[in-house]
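Let me begin by presenting the structure, written as structure tokens, before commenting on it.
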Amino acid sequence: MKKQLYMIDTTLRDGAQSPGISFSKTDKIEIAKALEKVGVYQLEAGIPAMGASEKEAILAIKDVCKKSLIAAWNRLNIKDIQHSVDCSPDIIHISVPVSDLQVYQKLQKDRLWLKKEMLACVDYALEKGFFVTIGFEDASRADLAFMIEMGTALQQLGVKQLRFADTVGILTPHTTQIKVRSLIEYTGLDIEFHAHNDLGMAVANSIAAARAGASFIDTTINGIGERTGNCDFYQFIKAAHSFYDIMTEELAAKEMVQLLEINLHREKD
């Protein structure tokens, strides 16, 4: 029996960070409808803290999508989460920078502060009644023992799903398997894998993560995303559907046809 994999699409959040790409509210709704139609498990619909127009789009997507779960993305602060609460998503996702480079230089904080802030944000979202997922940002450059410590604390608080983000796209399949397998073994959390394609290995790394036990794989349409993009939805399905219980290559191709018919507004120079 094939292992079940769940597809998470982040076209409307990470994909929207592609240079020259700008989605209108209508675009976002049509993309979300097409993704749901072919059975994508979860849609990362946007970042509520960006403002009123983003919130309106997320609310509209939530209104039309009744099968796919709708997630809202947040930075590590309660104000962001309050904006997400306004959108009533199925999932509140909180991004937590875990590499020392990001903790000490980007945030100008330390590990103790990070853990305390993470648990406070999670506790706030859980008290509001939301299903919470955590994303370990820059996990590929983070200390594995520290991630296990953080993941264990999350599991004890009631979090069930953890995103491992190769934020700067430096992983290889071998290293991906080691890190993902270790997190599963030592935290007991369901792992979601989020690949970037800087070295051209987003699809290969995503398959390696699935082989190591990850249950959720992040993709974007045509592999769009910041810098060189994310794991390409169609390429991943084409490479993995023979080994895992996900949608067929034919359904994935059908989605591509539907999405090509959507007018994606591109900013002009």
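The way I read the labels, and the way they are meant: chains A, B, ... in the order of the structure tokens, residue 1 as the first residue of every chain, and ligand 1 as the first ligand shown, with later ones counted on from there.
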Would you write out, as a tab-separated table, a table of all residues in segment 2-110 of chain A that have an atom no more than 12 Å from an atom of segment 167-189 of chain A, listing for each the closest atom pair and the distance in Å to one decimal, considering only C-alpha atoms and ordering rows by chain and rising residue number?
residue	atom	partner	partner_atom	distance
A:Asp14	CA	A:Thr167	CA	10.8
A:Ser95	CA	A:Thr167	CA	11.2
A:Val96	CA	A:Thr167	CA	11.6
A:Pro97	CA	A:Thr167	CA	9.8
A:Val98	CA	A:Thr167	CA	10.9
A:Ser99	CA	A:Thr167	CA	10.4
A:Gln102	CA	A:Thr167	CA	11.1
Suppose we keep N, CA and C atoms; can you now write the selection as a PDB file, in the first residue's frame?
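What ended up in out-v1.pdb:
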ATOM      1  N   ASP A  14       3.981  32.186  -0.544  1.00  0.00           N
ATOM      2  CA  ASP A  14       5.383  32.211  -0.953  1.00  0.00           C
ATOM      3  C   ASP A  14       5.512  32.483  -2.447  1.00  0.00           C
ATOM      4  N   SER A  95       5.602  31.260  11.840  1.00  0.00           N
ATOM      5  CA  SER A  95       6.967  31.021  11.387  1.00  0.00           C
ATOM      6  C   SER A  95       7.951  31.404  12.494  1.00  0.00           C
ATOM      7  N   VAL A  96       8.857  30.478  12.809  1.00  0.00           N
ATOM      8  CA  VAL A  96       9.807  30.668  13.906  1.00  0.00           C
ATOM      9  C   VAL A  96      11.240  30.524  13.370  1.00  0.00           C
ATOM     10  N   PRO A  97      11.992  31.617  13.264  1.00  0.00           N
ATOM     11  CA  PRO A  97      13.390  31.503  12.821  1.00  0.00           C
ATOM     12  C   PRO A  97      14.198  30.718  13.843  1.00  0.00           C
ATOM     13  N   VAL A  98      14.848  29.638  13.413  1.00  0.00           N
ATOM     14  CA  VAL A  98      15.529  28.772  14.378  1.00  0.00           C
ATOM     15  C   VAL A  98      17.043  28.689  14.198  1.00  0.00           C
ATOM     16  N   SER A  99      17.588  29.196  13.115  1.00  0.00           N
ATOM     17  CA  SER A  99      19.048  29.175  12.972  1.00  0.00           C
ATOM     18  C   SER A  99      19.643  30.283  13.843  1.00  0.00           C
ATOM     19  N   GLN A 102      19.775  33.667  12.188  1.00  0.00           N
ATOM     20  CA  GLN A 102      18.558  34.476  12.191  1.00  0.00           C
ATOM     21  C   GLN A 102      18.184  34.941  13.600  1.00  0.00           C
TER      22      GLN A 102
END
Against segment 63-75 of chain A, which residues of segment 3-23 of chain A fall within 12 Å? For each one I want the closest pair of atoms and the distance in Å (one decimal), counting only C-alpha atoms, rows by chain and increasing residue number, as a Markdown table.
| residue | atom | partner | partner_atom | distance |
| --- | --- | --- | --- | --- |
| A:Tyr6 | CA | A:Ser68 | CA | 10.9 |
| A:Met7 | CA | A:Ser68 | CA | 10.1 |
| A:Ile8 | CA | A:Leu69 | CA | 9.2 |
| A:Asp9 | CA | A:Ala71 | CA | 9.9 |
| A:Thr10 | CA | A:Ala71 | CA | 9.5 |
| A:Leu12 | CA | A:Ala72 | CA | 10.4 |
| A:Arg13 | CA | A:Trp73 | CA | 7.8 |
| A:Asp14 | CA | A:Trp73 | CA | 9.8 |
Would you export the selected residues with N, CA and C atoms as a short mmCIF file (atom, residue, chain, number, x, y, z; two decimals), in the first residue's frame, please?
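out-v2.cif, freshly written:
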data_model
loop_
_atom_site.label_atom_id
_atom_site.label_comp_id
_atom_site.auth_asym_id
_atom_site.auth_seq_id
_atom_site.Cartn_x
_atom_site.Cartn_y
_atom_site.Cartn_z
N TYR A 6 0.15 14.43 1.84
CA TYR A 6 -0.80 15.54 1.78
C TYR A 6 -0.11 16.75 1.15
N MET A 7 -0.72 17.29 0.11
CA MET A 7 -0.15 18.42 -0.61
C MET A 7 -0.60 19.74 0.02
N ILE A 8 0.37 20.60 0.29
CA ILE A 8 0.09 21.95 0.79
C ILE A 8 0.59 22.93 -0.25
N ASP A 9 -0.32 23.77 -0.73
CA ASP A 9 0.06 24.74 -1.76
C ASP A 9 0.30 26.11 -1.13
N THR A 10 1.44 26.71 -1.48
CA THR A 10 1.77 28.03 -0.95
C THR A 10 1.97 29.06 -2.07
N LEU A 12 -0.12 31.24 -3.10
CA LEU A 12 -0.71 32.54 -2.75
C LEU A 12 0.05 33.26 -1.64
N ARG A 13 1.03 32.59 -1.04
CA ARG A 13 1.85 33.24 -0.01
C ARG A 13 3.30 33.32 -0.46
N ASP A 14 3.98 32.19 -0.54
CA ASP A 14 5.38 32.21 -0.95
C ASP A 14 5.51 32.48 -2.45
#
Query raised in the report: as number ranges by chain, which residues of segment 35-203 of chain A does DSSP assign to strand (DSSP E)?
Result: A: 42-46, 69-74, 91-97, 131-137, 161-165, 190-194
For the selection just defined, write its residues with C-alpha atoms to a file, as a PDB file, in the first residue's frame.
ATOM      1  CA  GLN A  42      -4.278  22.767   2.339  1.00  0.00           C
ATOM      2  CA  LEU A  43      -3.958  26.242   0.844  1.00  0.00           C
ATOM      3  CA  GLU A  44      -1.677  28.800   2.450  1.00  0.00           C
ATOM      4  CA  ALA A  45      -3.886  31.728   1.506  1.00  0.00           C
ATOM      5  CA  GLY A  46      -1.794  34.689   2.579  1.00  0.00           C
ATOM      6  CA  LEU A  69      -8.069  23.654   4.595  1.00  0.00           C
ATOM      7  CA  ILE A  70      -7.214  27.355   4.601  1.00  0.00           C
ATOM      8  CA  ALA A  71      -4.098  28.519   6.452  1.00  0.00           C
ATOM      9  CA  ALA A  72      -2.930  32.012   7.374  1.00  0.00           C
ATOM     10  CA  TRP A  73       0.807  32.744   7.728  1.00  0.00           C
ATOM     11  CA  ASN A  74       2.213  34.746  10.646  1.00  0.00           C
ATOM     12  CA  ILE A  91      -5.054  26.801  10.470  1.00  0.00           C
ATOM     13  CA  ILE A  92      -2.874  29.495  11.995  1.00  0.00           C
ATOM     14  CA  HIS A  93       0.710  28.985  10.881  1.00  0.00           C
ATOM     15  CA  ILE A  94       3.489  30.678  12.864  1.00  0.00           C
ATOM     16  CA  SER A  95       6.967  31.021  11.387  1.00  0.00           C
ATOM     17  CA  VAL A  96       9.807  30.668  13.906  1.00  0.00           C
ATOM     18  CA  PRO A  97      13.390  31.503  12.821  1.00  0.00           C
ATOM     19  CA  PHE A 131      -5.344  24.434  14.927  1.00  0.00           C
ATOM     20  CA  VAL A 132      -1.748  25.662  15.017  1.00  0.00           C
ATOM     21  CA  THR A 133       1.187  24.629  12.863  1.00  0.00           C
ATOM     22  CA  ILE A 134       4.725  25.880  13.384  1.00  0.00           C
ATOM     23  CA  GLY A 135       7.291  26.554  10.692  1.00  0.00           C
ATOM     24  CA  PHE A 136      10.965  26.278  11.564  1.00  0.00           C
ATOM     25  CA  GLU A 137      12.400  28.995   9.332  1.00  0.00           C
ATOM     26  CA  GLN A 161       2.495  19.533  12.853  1.00  0.00           C
ATOM     27  CA  LEU A 162       5.898  21.093  12.217  1.00  0.00           C
ATOM     28  CA  ARG A 163       7.188  22.628   8.989  1.00  0.00           C
ATOM     29  CA  PHE A 164      10.857  22.144   8.168  1.00  0.00           C
ATOM     30  CA  ALA A 165      11.803  25.027   5.864  1.00  0.00           C
ATOM     31  CA  ASP A 190       4.088  15.207  11.854  1.00  0.00           C
ATOM     32  CA  ILE A 191       6.594  16.856   9.545  1.00  0.00           C
ATOM     33  CA  GLU A 192       5.776  19.190   6.661  1.00  0.00           C
ATOM     34  CA  PHE A 193       8.621  19.911   4.249  1.00  0.00           C
ATOM     35  CA  HIS A 194       9.071  23.275   2.543  1.00  0.00           C
TER      36      HIS A 194
END
**Report entry** Given only C-alpha atoms as the counted atoms, nearest of A:Gly20, A:Ala208, A:Gly129, A:Lys2 to Arg227 of chain A
**Finding:**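 When distances to Arg227 of chain A are compared using only C-alpha atoms, the smallest one comes from A:Gly20.
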Query raised in the report: Quick one: of A:Met150, A:Ala60, A:Val40, A:Val122, who's nearest to Thr219 of chain A, counting only C-alpha atoms?
Result: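 The closest residue to Thr219 of chain A is A:Val40.
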Query raised in the report: What is the distance, in Å and to one decimal place, between atom CA of Tyr124 of chain A and atom CA of Asn77 of chain A?
Result: 10.1 Å
**Report entry** Test item, helix (DSSP H, G or I) assignment across segment 54-141 of chain A, answer as a PyMOL selection string
**Finding:** chain A and resi 54-64+78-87+100-106+111-127+139-141
